[in-house]
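K.L.:
The structure is given below, and queries will be raised subsequently.
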Amino acid sequence: MALISKIRKNSWLLVVLIALGLIGFIVMDMTSGQQSVFGSSQTTVGDIEGKRLDWNQFNRVEQILYGSSGGEVFSRRNQLWNYFVEEAIIQEEAEELGLGVSRPELMDLQFGTNPSPIIRQRFANPQTRQVDFQQLNQIKAAIEDGSINDDPRLTAFWAHQEKEIIKERLQSKLSAMVSKAVYTPTWMAEMGHTEQNAPATFAYVKIPYDEVDDSEVSLTDEDYENYLEERSERYTNDEETRIVEYVVFDVVPTSKDSADLRAKVAELIPEFETADNDSAFAQRYYGIPPSGFVTEEGLSPVIADTLAGLAVGSVYGPYVDGNQYKAVKLVDRRMIADSADTRHILRQAQTPDQFAQAKKTIDSLENLLVTGSASFDSLAMRFSQDQGSATNGGKYEGITPGQFVPEFNEVLFVTGEVGPYYKVRTSFGWHLIEILSRSAAKTERYKTAYLQEAIVPSEETQTEIEGKVLEFIGENRDLETMRQAAANQGLDTEVSGRLERNDFTLGDLGAGQASRDIVRWAFNANEGEVSPELYAYQDPVEYYTNKYVVAGLRAKQSAGLPSVANIKTEIEPEVIKRKKAELLKSRIKSTDLTAIAAEFNTQVDTAQNVKFNALFVPDLGFEPKVIGQVFTMDNGSTSQPIGGNSGVVVVKLLQRPELGQANNIPQLRRTMSAPVRQQLPSQLIQAMKDNADIEDNRSRFY
């Protein structure tokens, strides 16, 4: 009671305490809100029209679609980013328009007779290239009975695929709506009719730019600036860019590396020659085991003549073939028919249980044939899972050696006889095969096995070159000294094109992690700086380090039109060409084509029946400026000199017929609208992207 009395006397204290409590709650809420926003921004890959894309979500979908599969990771991430961007934009537009995909429609797109293009691509039978409805029906049954949940990866994949199908369907609906609005006015239809049906025939003289030596051309900054200004749309960037200058140190094998690799192959030859199992021996030493028989033309030219005189069982080598030391063993030599007719029944299999079941079915079918209970044609049509031949009774005619998988090929041309049935297991499943006939014509063919060693630098060589390059980096910490040091070693510095923040390809170095690392470094470096990191590139076949790269930042460029200094190297050939055109134009004094040809030691040529939309004219080449000029001229008139792609051209219009008014305007409209409608889906989605509010943070993550 005393406490309550005290509070009543000091009511202001209660107000202050409540206020402080409220302020505390507000501050705490504000703080937690900031932390939440800050935390989410740290994992936000992008924001598309207000829809956040989280890195965890992005990474999860990448794992669902690609898992640990090989391939170039940055290209697939780029495709995945485009998917998320397009999905967000399309969903927003579809909601505003009231478009959607119902559940029955979605099921039909997945399992119906006319499935989504995504299903057609992913569930096509590799043999028939038709949709594998059997596999789809199995998945449908698993979804309906819930057993699909036993495979979390398949469940996640299918859930994402449904989103892809919905996105594709909505995009198709949007494109169809816009396509209906495509209209060709009468005046445009008539103009198109004239362009297509009134081709021009003209005489011309072309003076190549080679007529002017480069030494005759002097360029000023104004020349570059004028060129850039006139072609601003072509060269303007929507985002900032970087230009990188780099030195490549190739890692090549030494003479000792080469000698050691040759000796490694040579040491195995005696054992290779006496090996009973050529396939096992070749596989044990990472060689090439014997497979089918090939003609002399199918052999490497390096050994074709040698094998013709080699005894069966003998080994020739070591020899150099491309970038490898090899030794070849002639396993067999035979005269083999040039073609054969056959028929077969295939029961497909992928797992051990499926192979066992397929074998039982083939055994039963063979028994029906042997006892005469059924015909091969009827069994093939009913039971064969090779749709390419089943409808024809399983028959294939005119098959050449090597056309089928090795096991099938071996029976068909080597071990089998015409008439009997053969049961053969291949990577596709179990086959029941009958050879119907073989051609009388035969060709000598060879079966070979190989030992091989790639001629690559040793680990010691790679380490030694790496040390030298690291020393190079330590001694050259700015771009100018890097250039000079490279020149002193006889190396050229190479210059990249304009690199955007998310690029992952660098000039001739191609795509990959190292190129991506250089781009990421460039967007955090200062002009003239040399990266302290050494960038290693791998050989795409042998997977050894085949080059080390030292990179420096040559230029930064803000969004917009680049400065002359930053783009001079890129546009210089075109500016030189333009200057040469001006010089040649000033030297042409006559309007007579024959006189011009004589003056420049060239000739007068004629182009016949050239249409307005011609991309290429024989002998003249790709010259859109010339074609455009021709269709503004009157018959018999001669043009002023035209600066084209490959030279200065003067033309005389010989004939362009006058056409009357077009009769079938509706048909012309349809004809002219068709290509626009074909291009519309890709152009529409690109236009939607260009107008969307997109925040791209990918470079923070990879």
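By order in the structure tokens, chains are A, B, ...; within a chain, residues start at 1; ligands start at 1, following the order shown.
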Please identify which residues in stretch 431-661 of chain A DSSP calls strand (DSSP E) from the backbone, and express them as a PyMOL selection string.

P.N.:
chain A and resi 431-438+442-454+493-495+505-506+510-511+535-538+545-557+605-610+642-643+647-655

K.L.:
List every residue of stretch 443-545 of chain A that DSSP, applied to the backbone, labels as alpha helix (DSSP H), and write the result as a ChimeraX atom specification.

P.N.:
/A:459-475,479-488,513-522

K.L.:
Could you save the residues just selected, with N, CA and C atoms, as an mmCIF file, in the first residue's frame?

P.N.:
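This is the output file result-v8.cif:
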data_model
loop_
_atom_site.group_PDB
_atom_site.id
_atom_site.type_symbol
_atom_site.label_atom_id
_atom_site.label_comp_id
_atom_site.auth_asym_id
_atom_site.auth_seq_id
_atom_site.Cartn_x
_atom_site.Cartn_y
_atom_site.Cartn_z
ATOM 1 N N GLU A 459 55.106 -31.956 -63.215
ATOM 2 C CA GLU A 459 54.816 -31.126 -62.045
ATOM 3 C C GLU A 459 55.986 -30.203 -61.737
ATOM 4 N N GLU A 460 57.203 -30.726 -61.907
ATOM 5 C CA GLU A 460 58.394 -29.910 -61.633
ATOM 6 C C GLU A 460 58.457 -28.717 -62.577
ATOM 7 N N THR A 461 58.132 -28.950 -63.862
ATOM 8 C CA THR A 461 58.164 -27.857 -64.846
ATOM 9 C C THR A 461 57.106 -26.817 -64.512
ATOM 10 N N GLN A 462 55.906 -27.278 -64.164
ATOM 11 C CA GLN A 462 54.834 -26.355 -63.820
ATOM 12 C C GLN A 462 55.208 -25.515 -62.596
ATOM 13 N N THR A 463 55.803 -26.168 -61.606
ATOM 14 C CA THR A 463 56.198 -25.452 -60.379
ATOM 15 C C THR A 463 57.300 -24.444 -60.663
ATOM 16 N N GLU A 464 58.240 -24.828 -61.513
ATOM 17 C CA GLU A 464 59.352 -23.928 -61.846
ATOM 18 C C GLU A 464 58.849 -22.671 -62.552
ATOM 19 N N ILE A 465 57.940 -22.855 -63.523
ATOM 20 C CA ILE A 465 57.402 -21.694 -64.244
ATOM 21 C C ILE A 465 56.547 -20.843 -63.314
ATOM 22 N N GLU A 466 55.807 -21.493 -62.428
ATOM 23 C CA GLU A 466 54.997 -20.752 -61.458
ATOM 24 C C GLU A 466 55.888 -19.847 -60.604
ATOM 25 N N GLY A 467 57.030 -20.369 -60.174
ATOM 26 C CA GLY A 467 57.946 -19.569 -59.364
ATOM 27 C C GLY A 467 58.466 -18.359 -60.121
ATOM 28 N N LYS A 468 58.780 -18.555 -61.400
ATOM 29 C CA LYS A 468 59.281 -17.433 -62.210
ATOM 30 C C LYS A 468 58.213 -16.358 -62.393
ATOM 31 N N VAL A 469 56.966 -16.794 -62.567
ATOM 32 C CA VAL A 469 55.889 -15.819 -62.761
ATOM 33 C C VAL A 469 55.614 -15.063 -61.462
ATOM 34 N N LEU A 470 55.656 -15.759 -60.338
ATOM 35 C CA LEU A 470 55.479 -15.078 -59.047
ATOM 36 C C LEU A 470 56.572 -14.035 -58.830
ATOM 37 N N GLU A 471 57.775 -14.374 -59.245
ATOM 38 C CA GLU A 471 58.884 -13.413 -59.157
ATOM 39 C C GLU A 471 58.614 -12.215 -60.060
ATOM 40 N N PHE A 472 58.064 -12.478 -61.246
ATOM 41 C CA PHE A 472 57.708 -11.415 -62.196
ATOM 42 C C PHE A 472 56.689 -10.469 -61.567
ATOM 43 N N ILE A 473 55.686 -11.036 -60.896
ATOM 44 C CA ILE A 473 54.659 -10.208 -60.249
ATOM 45 C C ILE A 473 55.272 -9.354 -59.145
ATOM 46 N N GLY A 474 56.145 -9.950 -58.344
ATOM 47 C CA GLY A 474 56.755 -9.219 -57.240
ATOM 48 C C GLY A 474 57.597 -8.051 -57.699
ATOM 49 N N GLU A 475 58.200 -8.168 -58.867
ATOM 50 C CA GLU A 475 59.103 -7.115 -59.363
ATOM 51 C C GLU A 475 58.379 -6.058 -60.185
ATOM 52 N N LEU A 479 51.400 -1.180 -64.133
ATOM 53 C CA LEU A 479 51.155 -1.631 -65.505
ATOM 54 C C LEU A 479 52.307 -1.291 -66.438
ATOM 55 N N GLU A 480 52.867 -0.117 -66.281
ATOM 56 C CA GLU A 480 53.937 0.306 -67.190
ATOM 57 C C GLU A 480 55.165 -0.588 -67.041
ATOM 58 N N THR A 481 55.563 -0.876 -65.799
ATOM 59 C CA THR A 481 56.736 -1.741 -65.611
ATOM 60 C C THR A 481 56.423 -3.170 -66.035
ATOM 61 N N MET A 482 55.158 -3.587 -65.883
ATOM 62 C CA MET A 482 54.777 -4.917 -66.349
ATOM 63 C C MET A 482 54.929 -5.019 -67.857
ATOM 64 N N ARG A 483 54.490 -3.991 -68.586
ATOM 65 C CA ARG A 483 54.620 -3.986 -70.044
ATOM 66 C C ARG A 483 56.085 -4.092 -70.445
ATOM 67 N N GLN A 484 56.928 -3.280 -69.799
ATOM 68 C CA GLN A 484 58.339 -3.241 -70.160
ATOM 69 C C GLN A 484 59.019 -4.567 -69.844
ATOM 70 N N ALA A 485 58.708 -5.124 -68.687
ATOM 71 C CA ALA A 485 59.316 -6.396 -68.298
ATOM 72 C C ALA A 485 58.894 -7.511 -69.243
ATOM 73 N N ALA A 486 57.627 -7.502 -69.662
ATOM 74 C CA ALA A 486 57.142 -8.514 -70.605
ATOM 75 C C ALA A 486 57.857 -8.381 -71.940
ATOM 76 N N ALA A 487 58.017 -7.144 -72.405
ATOM 77 C CA ALA A 487 58.714 -6.913 -73.672
ATOM 78 C C ALA A 487 60.157 -7.392 -73.598
ATOM 79 N N ASN A 488 60.808 -7.179 -72.469
ATOM 80 C CA ASN A 488 62.193 -7.636 -72.298
ATOM 81 C C ASN A 488 62.307 -9.159 -72.391
ATOM 82 N N GLN A 513 36.901 -20.100 -64.046
ATOM 83 C CA GLN A 513 37.113 -19.497 -62.735
ATOM 84 C C GLN A 513 38.213 -18.447 -62.755
ATOM 85 N N ALA A 514 39.312 -18.736 -63.454
ATOM 86 C CA ALA A 514 40.424 -17.777 -63.476
ATOM 87 C C ALA A 514 40.009 -16.471 -64.149
ATOM 88 N N SER A 515 39.312 -16.572 -65.277
ATOM 89 C CA SER A 515 38.838 -15.362 -65.958
ATOM 90 C C SER A 515 37.875 -14.588 -65.071
ATOM 91 N N ARG A 516 36.990 -15.323 -64.412
ATOM 92 C CA ARG A 516 36.040 -14.662 -63.510
ATOM 93 C C ARG A 516 36.770 -13.970 -62.366
ATOM 94 N N ASP A 517 37.801 -14.595 -61.821
ATOM 95 C CA ASP A 517 38.572 -13.987 -60.731
ATOM 96 C C ASP A 517 39.249 -12.699 -61.187
ATOM 97 N N ILE A 518 39.739 -12.683 -62.417
ATOM 98 C CA ILE A 518 40.385 -11.469 -62.938
ATOM 99 C C ILE A 518 39.371 -10.336 -63.048
ATOM 100 N N VAL A 519 38.159 -10.651 -63.541
ATOM 101 C CA VAL A 519 37.129 -9.621 -63.679
ATOM 102 C C VAL A 519 36.738 -9.075 -62.305
ATOM 103 N N ARG A 520 36.562 -9.970 -61.346
ATOM 104 C CA ARG A 520 36.188 -9.517 -59.995
ATOM 105 C C ARG A 520 37.278 -8.633 -59.397
ATOM 106 N N TRP A 521 38.534 -9.006 -59.604
ATOM 107 C CA TRP A 521 39.632 -8.182 -59.097
ATOM 108 C C TRP A 521 39.612 -6.808 -59.767
ATOM 109 N N ALA A 522 39.370 -6.788 -61.078
ATOM 110 C CA ALA A 522 39.430 -5.532 -61.828
ATOM 111 C C ALA A 522 38.429 -4.508 -61.308
#

K.L.:
Could you give me, as JSON, numbers by chain, the residues within 7 Å of A:Tyr535, counting only C-alpha atoms and dropping anything in the same chain fewer than 6 positions from it?

P.N.:
{"A": [514, 548, 549, 550]}

K.L.:
Find the residues near A:Leu509: any atom within 12 Å, counting only C-alpha atoms, skip ones fewer than 6 places away on the same chain, and give them as an MDAnalysis selection string.

P.N.:
chainID A and resid 246:250 494:496 515:516 518 535:540 546:549

K.L.:
Go through A:Phe123, A:Phe376, A:Tyr83, A:Phe293 and flag the residue nearest A:Asn392, using only C-alpha atoms for the distances.

P.N.:
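Result for the nearest residue to A:Asn392: A:Phe376.
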
K.L.:
Leaving out A:Gln161 and any residue of its chain fewer than 3 positions from it, which residues lie within 12 Å of it when counting only C-alpha atoms, given as a list of chain:residue names?

P.N.:
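After dropping sequence-adjacent residues, the list is A:Val61, A:Ile64, A:Leu65, A:Tyr83, A:Leu106, A:Leu109, A:Gln110, A:Ser116, A:Pro117, A:Ile118, A:Ile119, A:Arg122, A:Leu154, A:Thr155, A:Ala156, A:Phe157, A:Trp158, A:Glu164, A:Ile165, A:Ile166, A:Lys167, A:Glu168.
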
K.L.:
Once you have the residues from the selection above, write them out as a PDB file, in the first residue's frame, restricted to C-alpha atoms.

P.N.:
ATOM      1  CA  VAL A  61      18.049 -24.392 -57.291  1.00  0.00           C
ATOM      2  CA  ILE A  64      18.707 -29.219 -57.843  1.00  0.00           C
ATOM      3  CA  LEU A  65      19.215 -28.657 -61.564  1.00  0.00           C
ATOM      4  CA  TYR A  83      15.377 -17.601 -65.449  1.00  0.00           C
ATOM      5  CA  LEU A 106      -0.256 -27.771 -65.517  1.00  0.00           C
ATOM      6  CA  LEU A 109       1.620 -29.735 -69.766  1.00  0.00           C
ATOM      7  CA  GLN A 110       3.533 -32.348 -67.761  1.00  0.00           C
ATOM      8  CA  SER A 116       5.534 -28.438 -72.442  1.00  0.00           C
ATOM      9  CA  PRO A 117       8.724 -27.784 -74.452  1.00  0.00           C
ATOM     10  CA  ILE A 118      10.609 -28.254 -71.170  1.00  0.00           C
ATOM     11  CA  ILE A 119       9.235 -31.806 -70.839  1.00  0.00           C
ATOM     12  CA  ARG A 122      14.271 -33.260 -70.767  1.00  0.00           C
ATOM     13  CA  LEU A 154      13.463 -35.901 -57.482  1.00  0.00           C
ATOM     14  CA  THR A 155      10.784 -34.174 -55.374  1.00  0.00           C
ATOM     15  CA  ALA A 156      12.763 -30.919 -55.320  1.00  0.00           C
ATOM     16  CA  PHE A 157      13.590 -31.185 -59.025  1.00  0.00           C
ATOM     17  CA  TRP A 158       9.964 -31.756 -60.001  1.00  0.00           C
ATOM     18  CA  GLU A 164       9.703 -23.509 -65.072  1.00  0.00           C
ATOM     19  CA  ILE A 165       6.736 -24.935 -66.964  1.00  0.00           C
ATOM     20  CA  ILE A 166       4.390 -22.296 -65.550  1.00  0.00           C
ATOM     21  CA  LYS A 167       6.853 -19.549 -66.458  1.00  0.00           C
ATOM     22  CA  GLU A 168       7.224 -20.880 -70.020  1.00  0.00           C
TER      23      GLU A 168
END

K.L.:
Which one of A:Met672, A:Ile596, A:Leu268, A:Val217 sits closest to A:Leu583 if you count only C-alpha atoms?

P.N.:
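Among the listed residues, A:Val217 lies closest to A:Leu583.
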
K.L.:
Using only C-alpha atoms, which residues sit within 10 Å of A:Val315 once same-chain residues fewer than 3 positions away are excluded, as a PyMOL selection string?

P.N.:
chain A and resi 269-270+272-274+307+310-312+318+327-331+448-451

K.L.:
Those same residues, written as an mmCIF file, in the first residue's frame with C-alpha atoms?

P.N.:
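This is the output file again21.cif:
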data_model
loop_
_atom_site.group_PDB
_atom_site.id
_atom_site.type_symbol
_atom_site.label_atom_id
_atom_site.label_comp_id
_atom_site.auth_asym_id
_atom_site.auth_seq_id
_atom_site.Cartn_x
_atom_site.Cartn_y
_atom_site.Cartn_z
ATOM 1 C CA ILE A 269 55.623 -52.278 -75.176
ATOM 2 C CA PRO A 270 57.157 -55.755 -74.531
ATOM 3 C CA PHE A 272 51.762 -55.074 -74.246
ATOM 4 C CA GLU A 273 52.865 -57.279 -77.141
ATOM 5 C CA THR A 274 52.545 -60.506 -75.092
ATOM 6 C CA LEU A 307 49.566 -51.193 -89.932
ATOM 7 C CA LEU A 310 52.185 -55.218 -89.497
ATOM 8 C CA ALA A 311 51.598 -58.785 -88.293
ATOM 9 C CA VAL A 312 48.573 -59.447 -86.055
ATOM 10 C CA PRO A 318 56.322 -45.161 -79.551
ATOM 11 C CA ALA A 327 51.993 -47.376 -79.189
ATOM 12 C CA VAL A 328 49.501 -49.332 -81.291
ATOM 13 C CA LYS A 329 48.840 -53.073 -81.225
ATOM 14 C CA LEU A 330 47.224 -54.734 -84.226
ATOM 15 C CA VAL A 331 44.712 -56.985 -82.469
ATOM 16 C CA THR A 448 43.551 -51.939 -82.687
ATOM 17 C CA ALA A 449 44.462 -51.183 -79.082
ATOM 18 C CA TYR A 450 46.620 -48.282 -77.903
ATOM 19 C CA LEU A 451 48.883 -47.128 -75.119
#

K.L.:
Of the residues A:Ala263, A:Val651, A:Ala203, A:Leu684, which is the one nearest to A:Met177, using only C-alpha atoms?

P.N.:
A:Leu684

K.L.:
Closest to A:Ile336 among A:Trp55, A:Tyr285, A:Phe413, A:Tyr396, using only C-alpha atoms?

P.N.:
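Selected residue with least distance to A:Ile336: A:Phe413.
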
K.L.:
Please provide as number ranges by chain all residues within 7 Å of stretch 406-409 of chain A, with the sequence filter that same-chain residues fewer than 5 positions apart are discarded (counting only C-alpha atoms).

P.N.:
A: 291-292, 401, 424, 426
